[in-house]
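Below is target_19.pdb, which holds PDB, C-alpha atoms.
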ATOM      1  CA  MET B   1      -7.163 -62.930  14.155  1.00  0.00           C
ATOM      2  CA  THR B   2      -6.597 -66.493  15.263  1.00  0.00           C
ATOM      3  CA  VAL B   3      -7.777 -69.584  13.498  1.00  0.00           C
ATOM      4  CA  SER B   4      -8.823 -72.521  15.589  1.00  0.00           C
ATOM      5  CA  ASN B   5      -7.406 -75.906  14.736  1.00  0.00           C
ATOM      6  CA  SER B   6     -10.858 -77.354  14.203  1.00  0.00           C
ATOM      7  CA  LYS B   7     -11.475 -75.084  11.224  1.00  0.00           C
ATOM      8  CA  VAL B   8      -8.242 -75.933   9.390  1.00  0.00           C
ATOM      9  CA  LYS B   9      -8.930 -78.659   6.888  1.00  0.00           C
ATOM     10  CA  LYS B  10      -6.270 -81.156   6.092  1.00  0.00           C
ATOM     11  CA  LYS B  11      -6.031 -82.288   2.533  1.00  0.00           C
ATOM     12  CA  LYS B  12      -7.184 -85.895   2.291  1.00  0.00           C
ATOM     13  CA  VAL B  13      -4.746 -88.072   0.424  1.00  0.00           C
ATOM     14  CA  ASN B  14      -6.325 -90.609  -1.895  1.00  0.00           C
ATOM     15  CA  GLY B  15      -4.775 -93.201  -4.139  1.00  0.00           C
ATOM     16  CA  ARG B  16      -1.477 -94.996  -4.095  1.00  0.00           C
ATOM     17  CA  PRO B  17       1.509 -93.625  -2.251  1.00  0.00           C
ATOM     18  CA  ASN B  18       4.122 -92.292  -4.649  1.00  0.00           C
ATOM     19  CA  LEU B  19       6.594 -90.756  -2.243  1.00  0.00           C
ATOM     20  CA  TYR B  20       9.233 -93.009  -0.769  1.00  0.00           C
ATOM     21  CA  THR B  21       9.350 -93.577   2.960  1.00  0.00           C
ATOM     22  CA  ASP B  22      11.543 -96.022   4.866  1.00  0.00           C
ATOM     23  CA  GLU B  23       8.440 -97.712   6.275  1.00  0.00           C
ATOM     24  CA  LEU B  24       7.027 -98.280   2.794  1.00  0.00           C
ATOM     25  CA  GLY B  25      10.355 -99.610   1.528  1.00  0.00           C
ATOM     26  CA  ILE B  26      10.644-101.971   4.498  1.00  0.00           C
ATOM     27  CA  ASP B  27       7.108-103.281   3.911  1.00  0.00           C
ATOM     28  CA  ILE B  28       7.891-103.976   0.255  1.00  0.00           C
ATOM     29  CA  CYS B  29      11.135-105.763   1.145  1.00  0.00           C
ATOM     30  CA  LYS B  30       9.469-107.883   3.844  1.00  0.00           C
ATOM     31  CA  ARG B  31       6.866-109.079   1.381  1.00  0.00           C
ATOM     32  CA  LEU B  32       9.519-109.805  -1.254  1.00  0.00           C
ATOM     33  CA  ALA B  33      11.588-111.774   1.251  1.00  0.00           C
ATOM     34  CA  CYS B  34       8.535-113.892   2.060  1.00  0.00           C
ATOM     35  CA  GLY B  35       8.297-114.942  -1.585  1.00  0.00           C
ATOM     36  CA  GLU B  36       5.706-112.538  -2.958  1.00  0.00           C
ATOM     37  CA  SER B  37       6.428-111.076  -6.394  1.00  0.00           C
ATOM     38  CA  LEU B  38       6.972-107.349  -6.803  1.00  0.00           C
ATOM     39  CA  LYS B  39       4.137-107.259  -9.308  1.00  0.00           C
ATOM     40  CA  SER B  40       1.651-108.726  -6.825  1.00  0.00           C
ATOM     41  CA  ILE B  41       2.874-106.388  -4.075  1.00  0.00           C
ATOM     42  CA  CYS B  42       2.309-103.379  -6.328  1.00  0.00           C
ATOM     43  CA  ARG B  43      -1.242-104.544  -7.112  1.00  0.00           C
ATOM     44  CA  ASP B  44      -2.101-103.784  -3.483  1.00  0.00           C
ATOM     45  CA  PRO B  45      -3.834-100.371  -3.386  1.00  0.00           C
ATOM     46  CA  ALA B  46      -1.800 -99.429  -0.294  1.00  0.00           C
ATOM     47  CA  MET B  47       1.438 -99.901  -2.241  1.00  0.00           C
ATOM     48  CA  PRO B  48       3.030 -97.741  -4.931  1.00  0.00           C
ATOM     49  CA  CYS B  49       2.828 -98.693  -8.589  1.00  0.00           C
ATOM     50  CA  ILE B  50       5.678-100.785  -9.962  1.00  0.00           C
ATOM     51  CA  SER B  51       7.119 -97.866 -11.959  1.00  0.00           C
ATOM     52  CA  SER B  52       7.591 -95.894  -8.723  1.00  0.00           C
ATOM     53  CA  VAL B  53       9.488 -98.797  -7.163  1.00  0.00           C
ATOM     54  CA  MET B  54      11.655 -99.102 -10.281  1.00  0.00           C
ATOM     55  CA  ASN B  55      12.406 -95.377 -10.124  1.00  0.00           C
ATOM     56  CA  TRP B  56      13.463 -95.739  -6.481  1.00  0.00           C
ATOM     57  CA  LEU B  57      15.785 -98.619  -7.393  1.00  0.00           C
ATOM     58  CA  LEU B  58      17.350 -96.681 -10.274  1.00  0.00           C
ATOM     59  CA  SER B  59      17.698 -93.439  -8.327  1.00  0.00           C
ATOM     60  CA  ASP B  60      21.107 -92.120  -7.308  1.00  0.00           C
ATOM     61  CA  SER B  61      19.531 -90.272  -4.374  1.00  0.00           C
ATOM     62  CA  GLU B  62      20.813 -90.889  -0.855  1.00  0.00           C
ATOM     63  CA  LEU B  63      17.177 -91.256   0.191  1.00  0.00           C
ATOM     64  CA  HIS B  64      16.851 -94.408  -1.923  1.00  0.00           C
ATOM     65  CA  ALA B  65      20.291 -95.925  -1.189  1.00  0.00           C
ATOM     66  CA  GLY B  66      19.016 -97.804   1.861  1.00  0.00           C
ATOM     67  CA  PHE B  67      16.075 -99.129  -0.131  1.00  0.00           C
ATOM     68  CA  LEU B  68      18.357-100.545  -2.811  1.00  0.00           C
ATOM     69  CA  GLU B  69      20.405-102.413  -0.193  1.00  0.00           C
ATOM     70  CA  ARG B  70      17.299-103.761   1.560  1.00  0.00           C
ATOM     71  CA  TYR B  71      15.755-104.732  -1.791  1.00  0.00           C
ATOM     72  CA  ASP B  72      18.890-106.647  -2.806  1.00  0.00           C
ATOM     73  CA  HIS B  73      18.963-108.417   0.555  1.00  0.00           C
ATOM     74  CA  ALA B  74      15.238-109.261   0.284  1.00  0.00           C
ATOM     75  CA  ARG B  75      15.802-110.766  -3.174  1.00  0.00           C
ATOM     76  CA  ARG B  76      18.580-113.006  -1.807  1.00  0.00           C
ATOM     77  CA  ILE B  77      16.251-114.202   0.955  1.00  0.00           C
ATOM     78  CA  GLN B  78      13.523-114.726  -1.639  1.00  0.00           C
ATOM     79  CA  ALA B  79      15.883-117.035  -3.571  1.00  0.00           C
ATOM     80  CA  GLN B  80      16.236-119.222  -0.495  1.00  0.00           C
ATOM     81  CA  ILE B  81      12.463-119.228  -0.054  1.00  0.00           C
ATOM     82  CA  LEU B  82      12.104-120.385  -3.680  1.00  0.00           C
ATOM     83  CA  ALA B  83      14.624-123.169  -3.044  1.00  0.00           C
ATOM     84  CA  ASP B  84      12.621-124.245   0.009  1.00  0.00           C
ATOM     85  CA  GLU B  85       9.412-124.175  -2.048  1.00  0.00           C
ATOM     86  CA  LEU B  86      11.024-126.454  -4.626  1.00  0.00           C
ATOM     87  CA  MET B  87      11.623-129.048  -1.940  1.00  0.00           C
ATOM     88  CA  ASP B  88       8.116-128.653  -0.502  1.00  0.00           C
ATOM     89  CA  ILE B  89       6.465-129.039  -3.898  1.00  0.00           C
ATOM     90  CA  ALA B  90       8.600-132.041  -4.819  1.00  0.00           C
ATOM     91  CA  ASP B  91       7.939-133.743  -1.460  1.00  0.00           C
ATOM     92  CA  ASP B  92       4.167-133.095  -1.405  1.00  0.00           C
ATOM     93  CA  GLY B  93       2.433-136.200  -2.705  1.00  0.00           C
ATOM     94  CA  SER B  94      -0.971-135.433  -1.229  1.00  0.00           C
ATOM     95  CA  ASN B  95      -2.758-135.089  -4.587  1.00  0.00           C
ATOM     96  CA  ASP B  96      -0.698-137.532  -6.645  1.00  0.00           C
ATOM     97  CA  TYR B  97      -3.434-140.177  -6.476  1.00  0.00           C
ATOM     98  CA  MET B  98      -7.199-139.919  -6.317  1.00  0.00           C
ATOM     99  CA  GLU B  99      -9.790-142.461  -5.320  1.00  0.00           C
ATOM    100  CA  ARG B 100     -11.826-143.897  -8.151  1.00  0.00           C
ATOM    101  CA  ASN B 101     -15.597-143.531  -7.981  1.00  0.00           C
ATOM    102  CA  ASP B 102     -16.234-146.584 -10.136  1.00  0.00           C
ATOM    103  CA  PRO B 103     -17.622-149.400  -7.925  1.00  0.00           C
ATOM    104  CA  GLU B 104     -16.455-152.065 -10.394  1.00  0.00           C
ATOM    105  CA  ASN B 105     -12.950-150.684 -10.683  1.00  0.00           C
ATOM    106  CA  GLY B 106     -12.145-149.298  -7.226  1.00  0.00           C
ATOM    107  CA  GLY B 107      -8.876-148.237  -5.800  1.00  0.00           C
ATOM    108  CA  TYR B 108      -6.708-145.299  -6.711  1.00  0.00           C
ATOM    109  CA  ALA B 109      -5.602-143.732  -9.996  1.00  0.00           C
ATOM    110  CA  VAL B 110      -2.715-141.426 -10.777  1.00  0.00           C
ATOM    111  CA  ASN B 111      -3.809-137.781 -10.799  1.00  0.00           C
ATOM    112  CA  GLY B 112      -1.977-136.612 -13.914  1.00  0.00           C
ATOM    113  CA  GLU B 113      -3.289-133.065 -13.617  1.00  0.00           C
ATOM    114  CA  ALA B 114      -1.841-132.591 -10.127  1.00  0.00           C
ATOM    115  CA  LEU B 115       1.460-134.184 -11.129  1.00  0.00           C
ATOM    116  CA  GLY B 116       1.709-131.975 -14.225  1.00  0.00           C
ATOM    117  CA  ARG B 117       0.925-128.852 -12.239  1.00  0.00           C
ATOM    118  CA  SER B 118       3.562-129.735  -9.641  1.00  0.00           C
ATOM    119  CA  ARG B 119       6.094-130.332 -12.403  1.00  0.00           C
ATOM    120  CA  LEU B 120       5.253-126.944 -13.924  1.00  0.00           C
ATOM    121  CA  ARG B 121       5.638-125.205 -10.551  1.00  0.00           C
ATOM    122  CA  VAL B 122       9.014-126.830  -9.950  1.00  0.00           C
ATOM    123  CA  ASP B 123      10.271-126.198 -13.497  1.00  0.00           C
ATOM    124  CA  THR B 124       9.209-122.550 -13.425  1.00  0.00           C
ATOM    125  CA  ARG B 125      11.038-121.920 -10.147  1.00  0.00           C
ATOM    126  CA  LYS B 126      14.127-123.795 -11.346  1.00  0.00           C
ATOM    127  CA  TRP B 127      14.182-121.830 -14.611  1.00  0.00           C
ATOM    128  CA  PHE B 128      13.781-118.505 -12.804  1.00  0.00           C
ATOM    129  CA  MET B 129      16.500-119.303 -10.324  1.00  0.00           C
ATOM    130  CA  SER B 130      18.940-120.495 -12.994  1.00  0.00           C
ATOM    131  CA  LYS B 131      18.446-117.401 -15.166  1.00  0.00           C
ATOM    132  CA  VAL B 132      18.074-114.604 -12.641  1.00  0.00           C
ATOM    133  CA  ILE B 133      19.884-115.572  -9.465  1.00  0.00           C
ATOM    134  CA  PRO B 134      23.680-115.850  -9.918  1.00  0.00           C
ATOM    135  CA  LYS B 135      24.066-118.334  -7.071  1.00  0.00           C
ATOM    136  CA  PHE B 136      21.805-120.832  -8.872  1.00  0.00           C
ATOM    137  CA  LYS B 137      22.955-120.307 -12.474  1.00  0.00           C
ATOM    138  CA  ASP B 138      23.840-123.357 -14.505  1.00  0.00           C
ATOM    139  CA  LYS B 139      27.577-123.776 -14.682  1.00  0.00           C
ATOM    140  CA  PRO B 140      28.888-123.080 -18.172  1.00  0.00           C
ATOM    141  CA  GLU B 141      30.561-125.933 -19.973  1.00  0.00           C
ATOM    142  CA  GLU B 142      34.313-125.643 -20.082  1.00  0.00           C
ATOM    143  CA  ASP B 143      35.705-124.606 -23.417  1.00  0.00           C
ATOM    144  CA  THR B 144      38.437-127.086 -24.288  1.00  0.00           C
ATOM    145  CA  THR B 145      39.793-125.116 -27.226  1.00  0.00           C
ATOM    146  CA  PRO B 146      43.085-123.452 -26.371  1.00  0.00           C
ATOM    147  CA  LYS B 147      43.037-119.677 -26.255  1.00  0.00           C
ATOM    148  CA  ASN B 148      45.832-117.272 -27.130  1.00  0.00           C
ATOM    149  CA  GLN B 149      47.859-120.014 -28.709  1.00  0.00           C
ATOM    150  CA  PRO B 150      50.570-118.691 -31.048  1.00  0.00           C
ATOM    151  CA  ILE B 151      50.010-119.179 -34.742  1.00  0.00           C
ATOM    152  CA  THR B 152      52.946-120.373 -36.829  1.00  0.00           C
ATOM    153  CA  ILE B 153      53.109-119.312 -40.446  1.00  0.00           C
ATOM    154  CA  ASN B 154      55.764-120.804 -42.699  1.00  0.00           C
ATOM    155  CA  LEU B 155      56.639-118.681 -45.685  1.00  0.00           C
ATOM    156  CA  VAL B 156      58.203-120.528 -48.591  1.00  0.00           C
ATOM    157  CA  LYS B 157      60.125-118.619 -51.162  1.00  0.00           C
ATOM    158  CA  ALA B 158      59.127-119.693 -54.634  1.00  0.00           C
ATOM    159  CA  GLU B 159      62.053-120.714 -56.865  1.00  0.00           C
ATOM    160  CA  LYS B 160      62.068-119.850 -60.556  1.00  0.00           C
ATOM    161  CA  ASP B 161      62.550-122.594 -63.108  1.00  0.00           C
ATOM    162  CA  ALA B 162      65.971-122.401 -64.640  1.00  0.00           C
ATOM    163  CA  ASP B 163      65.511-123.700 -68.238  1.00  0.00           C
TER     164      ASP B 163
END
As structure tokens, the full file:
Amino acid sequence: MTVSNSKVKKKKVNGRPNLYTDELGIDICKRLACGESLKSICRDPAMPCISSVMNWLLSDSELHAGFLERYDHARRIQAQILADELMDIADDGSNDYMERNDPENGGYAVNGEALGRSRLRVDTRKWFMSKVIPKFKDKPEEDTTPKNQPITINLVKAEKDAD
């Protein structure tokens, strides 16, 4: 008895992918390198959940070794993208001022909300980079106290009173 191919049903796969493939790993790393967060990537229904990605990164399997290297490389590129964004945000003055609608007091006024938001965006990126990315960490202050300096102890023999 032969079974025709048209009668064999393939199981339809629904939901998020949970098995690692090189193509999936490359897609994740490309999006990371472009500045997208891993959390936002994993919100995409076509992507695995964040716990799956973490398991791949922590795995000792040869299958995941290439992913770990690509992920590390993507994160280094992402750091440069963040540095570029810092400059773009700081240089963008398009919303710093807004035109007043008051006919008696025309002209422009400082847009404090836009300036505050830009400051927050810059500060958040600077904080992240200084805490997470070794290349951008704040340099520690030099400790000026000498280390491993010998300690001198003078022992004095007590003399008894001779009365």
Running the PyMOL selection byres ((chain B and resi 26) around 12) on this model by hand, what would come out? Give it as a VMD selection string. chain B and resid 20 to 25 27 to 33 47 64 66 to 74
Check what the PyMOL selection byres ((chain B and resi 103-118) around 12) selects in the file above and give those residues as a PyMOL selection string. chain B and resi 85-102+119-125
May I have the residues from that selection written out with C-alpha atoms, as a compact mmCIF listing (two decimals), keeping the file's coordinate frame?
# COMPACT_ATOMS: atom_id res chain seq x y z
CA GLU B 85 9.41 -124.18 -2.05
CA LEU B 86 11.02 -126.45 -4.63
CA MET B 87 11.62 -129.05 -1.94
CA ASP B 88 8.12 -128.65 -0.50
CA ILE B 89 6.46 -129.04 -3.90
CA ALA B 90 8.60 -132.04 -4.82
CA ASP B 91 7.94 -133.74 -1.46
CA ASP B 92 4.17 -133.10 -1.40
CA GLY B 93 2.43 -136.20 -2.70
CA SER B 94 -0.97 -135.43 -1.23
CA ASN B 95 -2.76 -135.09 -4.59
CA ASP B 96 -0.70 -137.53 -6.64
CA TYR B 97 -3.43 -140.18 -6.48
CA MET B 98 -7.20 -139.92 -6.32
CA GLU B 99 -9.79 -142.46 -5.32
CA ARG B 100 -11.83 -143.90 -8.15
CA ASN B 101 -15.60 -143.53 -7.98
CA ASP B 102 -16.23 -146.58 -10.14
CA ARG B 119 6.09 -130.33 -12.40
CA LEU B 120 5.25 -126.94 -13.92
CA ARG B 121 5.64 -125.20 -10.55
CA VAL B 122 9.01 -126.83 -9.95
CA ASP B 123 10.27 -126.20 -13.50
CA THR B 124 9.21 -122.55 -13.42
CA ARG B 125 11.04 -121.92 -10.15
If you measure from CA of Pro134 (chain B) to CA of Glu62 (chain B), what distance in Å do you get, rounded to one decimal?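 CA of Glu62 (chain B) lies 26.7 Å from CA of Pro134 (chain B).
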Just to confirm, what's the straight-line distance from CA of Ile77 (chain B) to CA of Ser130 (chain B) in Å (one decimal)?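 So the two atoms, CA of Ile77 (chain B) and CA of Ser130 (chain B), lie 15.5 Å apart.
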If the PyMOL selection byres ((chain B and resi 54) around 12) were run on this exact file, what residues would it hold? Put them as an MDAnalysis selection string. chainID B and resid 18 20 25 38:39 42 48:53 55:59 64 67:68 71
So how far away is CA of Ser61 (chain B) from CA of Lys135 (chain B), in Å? 28.6 Å
Find the residues around Ile133 (chain B) up to 12 Å (all atoms listed in the file counted), leave out those fewer than 6 positions away in its own chain, and share them as an NGL selection string. :B and (72 or 75-80 or 82-83 or 125-127)
Since the input lacks some atoms of region 106-130 of chain B, please model N, CA, C and O atoms and print them as a PDB file, in the coordinates of the input.
ATOM      1  N   GLY B 106     -12.500-150.146  -8.361  1.00  0.00           N
ATOM      2  CA  GLY B 106     -12.145-149.298  -7.226  1.00  0.00           C
ATOM      3  C   GLY B 106     -10.644-149.080  -7.112  1.00  0.00           C
ATOM      4  O   GLY B 106      -9.862-149.459  -7.977  1.00  0.00           O
ATOM      5  N   GLY B 107     -10.289-148.490  -6.046  1.00  0.00           N
ATOM      6  CA  GLY B 107      -8.876-148.237  -5.800  1.00  0.00           C
ATOM      7  C   GLY B 107      -8.500-146.798  -6.120  1.00  0.00           C
ATOM      8  O   GLY B 107      -9.323-145.887  -6.080  1.00  0.00           O
ATOM      9  N   TYR B 108      -7.241-146.634  -6.461  1.00  0.00           N
ATOM     10  CA  TYR B 108      -6.708-145.299  -6.711  1.00  0.00           C
ATOM     11  C   TYR B 108      -6.135-145.205  -8.121  1.00  0.00           C
ATOM     12  O   TYR B 108      -5.663-146.195  -8.673  1.00  0.00           O
ATOM     13  N   ALA B 109      -6.182-143.998  -8.671  1.00  0.00           N
ATOM     14  CA  ALA B 109      -5.602-143.732  -9.996  1.00  0.00           C
ATOM     15  C   ALA B 109      -4.662-142.542  -9.890  1.00  0.00           C
ATOM     16  O   ALA B 109      -4.833-141.664  -9.035  1.00  0.00           O
ATOM     17  N   VAL B 110      -3.670-142.536 -10.747  1.00  0.00           N
ATOM     18  CA  VAL B 110      -2.715-141.426 -10.777  1.00  0.00           C
ATOM     19  C   VAL B 110      -3.448-140.160 -11.199  1.00  0.00           C
ATOM     20  O   VAL B 110      -4.221-140.162 -12.155  1.00  0.00           O
ATOM     21  N   ASN B 111      -3.206-139.077 -10.478  1.00  0.00           N
ATOM     22  CA  ASN B 111      -3.809-137.781 -10.799  1.00  0.00           C
ATOM     23  C   ASN B 111      -2.822-137.014 -11.677  1.00  0.00           C
ATOM     24  O   ASN B 111      -1.993-136.246 -11.186  1.00  0.00           O
ATOM     25  N   GLY B 112      -2.908-137.225 -12.970  1.00  0.00           N
ATOM     26  CA  GLY B 112      -1.977-136.612 -13.914  1.00  0.00           C
ATOM     27  C   GLY B 112      -2.009-135.097 -13.894  1.00  0.00           C
ATOM     28  O   GLY B 112      -0.981-134.444 -14.076  1.00  0.00           O
ATOM     29  N   GLU B 113      -3.173-134.529 -13.654  1.00  0.00           N
ATOM     30  CA  GLU B 113      -3.289-133.065 -13.617  1.00  0.00           C
ATOM     31  C   GLU B 113      -2.483-132.476 -12.457  1.00  0.00           C
ATOM     32  O   GLU B 113      -1.743-131.501 -12.623  1.00  0.00           O
ATOM     33  N   ALA B 114      -2.589-133.083 -11.287  1.00  0.00           N
ATOM     34  CA  ALA B 114      -1.841-132.591 -10.127  1.00  0.00           C
ATOM     35  C   ALA B 114      -0.343-132.788 -10.324  1.00  0.00           C
ATOM     36  O   ALA B 114       0.460-131.906  -9.983  1.00  0.00           O
ATOM     37  N   LEU B 115       0.042-133.940 -10.878  1.00  0.00           N
ATOM     38  CA  LEU B 115       1.460-134.184 -11.129  1.00  0.00           C
ATOM     39  C   LEU B 115       2.027-133.202 -12.151  1.00  0.00           C
ATOM     40  O   LEU B 115       3.124-132.678 -11.985  1.00  0.00           O
ATOM     41  N   GLY B 116       1.271-132.933 -13.204  1.00  0.00           N
ATOM     42  CA  GLY B 116       1.709-131.975 -14.225  1.00  0.00           C
ATOM     43  C   GLY B 116       1.838-130.573 -13.678  1.00  0.00           C
ATOM     44  O   GLY B 116       2.789-129.846 -13.994  1.00  0.00           O
ATOM     45  N   ARG B 117       0.883-130.189 -12.837  1.00  0.00           N
ATOM     46  CA  ARG B 117       0.925-128.852 -12.239  1.00  0.00           C
ATOM     47  C   ARG B 117       2.119-128.716 -11.301  1.00  0.00           C
ATOM     48  O   ARG B 117       2.808-127.701 -11.294  1.00  0.00           O
ATOM     49  N   SER B 118       2.395-129.760 -10.527  1.00  0.00           N
ATOM     50  CA  SER B 118       3.562-129.735  -9.641  1.00  0.00           C
ATOM     51  C   SER B 118       4.845-129.639 -10.449  1.00  0.00           C
ATOM     52  O   SER B 118       5.762-128.901 -10.091  1.00  0.00           O
ATOM     53  N   ARG B 119       4.908-130.378 -11.538  1.00  0.00           N
ATOM     54  CA  ARG B 119       6.094-130.332 -12.403  1.00  0.00           C
ATOM     55  C   ARG B 119       6.283-128.928 -12.963  1.00  0.00           C
ATOM     56  O   ARG B 119       7.396-128.390 -12.999  1.00  0.00           O
ATOM     57  N   LEU B 120       5.184-128.307 -13.396  1.00  0.00           N
ATOM     58  CA  LEU B 120       5.253-126.944 -13.924  1.00  0.00           C
ATOM     59  C   LEU B 120       5.726-125.968 -12.855  1.00  0.00           C
ATOM     60  O   LEU B 120       6.568-125.099 -13.121  1.00  0.00           O
ATOM     61  N   ARG B 121       5.236-126.093 -11.644  1.00  0.00           N
ATOM     62  CA  ARG B 121       5.638-125.205 -10.551  1.00  0.00           C
ATOM     63  C   ARG B 121       7.123-125.350 -10.247  1.00  0.00           C
ATOM     64  O   ARG B 121       7.830-124.364 -10.053  1.00  0.00           O
ATOM     65  N   VAL B 122       7.597-126.591 -10.213  1.00  0.00           N
ATOM     66  CA  VAL B 122       9.014-126.830  -9.950  1.00  0.00           C
ATOM     67  C   VAL B 122       9.861-126.302 -11.100  1.00  0.00           C
ATOM     68  O   VAL B 122      10.854-125.591 -10.893  1.00  0.00           O
ATOM     69  N   ASP B 123       9.483-126.626 -12.328  1.00  0.00           N
ATOM     70  CA  ASP B 123      10.271-126.198 -13.497  1.00  0.00           C
ATOM     71  C   ASP B 123      10.336-124.681 -13.622  1.00  0.00           C
ATOM     72  O   ASP B 123      11.374-124.121 -13.975  1.00  0.00           O
ATOM     73  N   THR B 124       9.232-124.011 -13.347  1.00  0.00           N
ATOM     74  CA  THR B 124       9.209-122.550 -13.425  1.00  0.00           C
ATOM     75  C   THR B 124      10.154-121.944 -12.398  1.00  0.00           C
ATOM     76  O   THR B 124      10.939-121.036 -12.707  1.00  0.00           O
ATOM     77  N   ARG B 125      10.140-122.435 -11.189  1.00  0.00           N
ATOM     78  CA  ARG B 125      11.038-121.920 -10.147  1.00  0.00           C
ATOM     79  C   ARG B 125      12.498-122.228 -10.480  1.00  0.00           C
ATOM     80  O   ARG B 125      13.371-121.388 -10.298  1.00  0.00           O
ATOM     81  N   LYS B 126      12.755-123.438 -10.971  1.00  0.00           N
ATOM     82  CA  LYS B 126      14.127-123.795 -11.346  1.00  0.00           C
ATOM     83  C   LYS B 126      14.623-122.907 -12.487  1.00  0.00           C
ATOM     84  O   LYS B 126      15.763-122.433 -12.467  1.00  0.00           O
ATOM     85  N   TRP B 127      13.782-122.674 -13.486  1.00  0.00           N
ATOM     86  CA  TRP B 127      14.182-121.830 -14.611  1.00  0.00           C
ATOM     87  C   TRP B 127      14.489-120.417 -14.117  1.00  0.00           C
ATOM     88  O   TRP B 127      15.522-119.845 -14.452  1.00  0.00           O
ATOM     89  N   PHE B 128      13.586-119.863 -13.318  1.00  0.00           N
ATOM     90  CA  PHE B 128      13.781-118.505 -12.804  1.00  0.00           C
ATOM     91  C   PHE B 128      15.085-118.403 -12.029  1.00  0.00           C
ATOM     92  O   PHE B 128      15.878-117.490 -12.233  1.00  0.00           O
ATOM     93  N   MET B 129      15.302-119.353 -11.150  1.00  0.00           N
ATOM     94  CA  MET B 129      16.500-119.303 -10.324  1.00  0.00           C
ATOM     95  C   MET B 129      17.766-119.440 -11.166  1.00  0.00           C
ATOM     96  O   MET B 129      18.753-118.765 -10.914  1.00  0.00           O
ATOM     97  N   SER B 130      17.734-120.285 -12.184  1.00  0.00           N
ATOM     98  CA  SER B 130      18.940-120.495 -12.994  1.00  0.00           C
ATOM     99  C   SER B 130      19.241-119.313 -13.908  1.00  0.00           C
ATOM    100  O   SER B 130      20.387-119.106 -14.294  1.00  0.00           O
TER     101      SER B 130
END
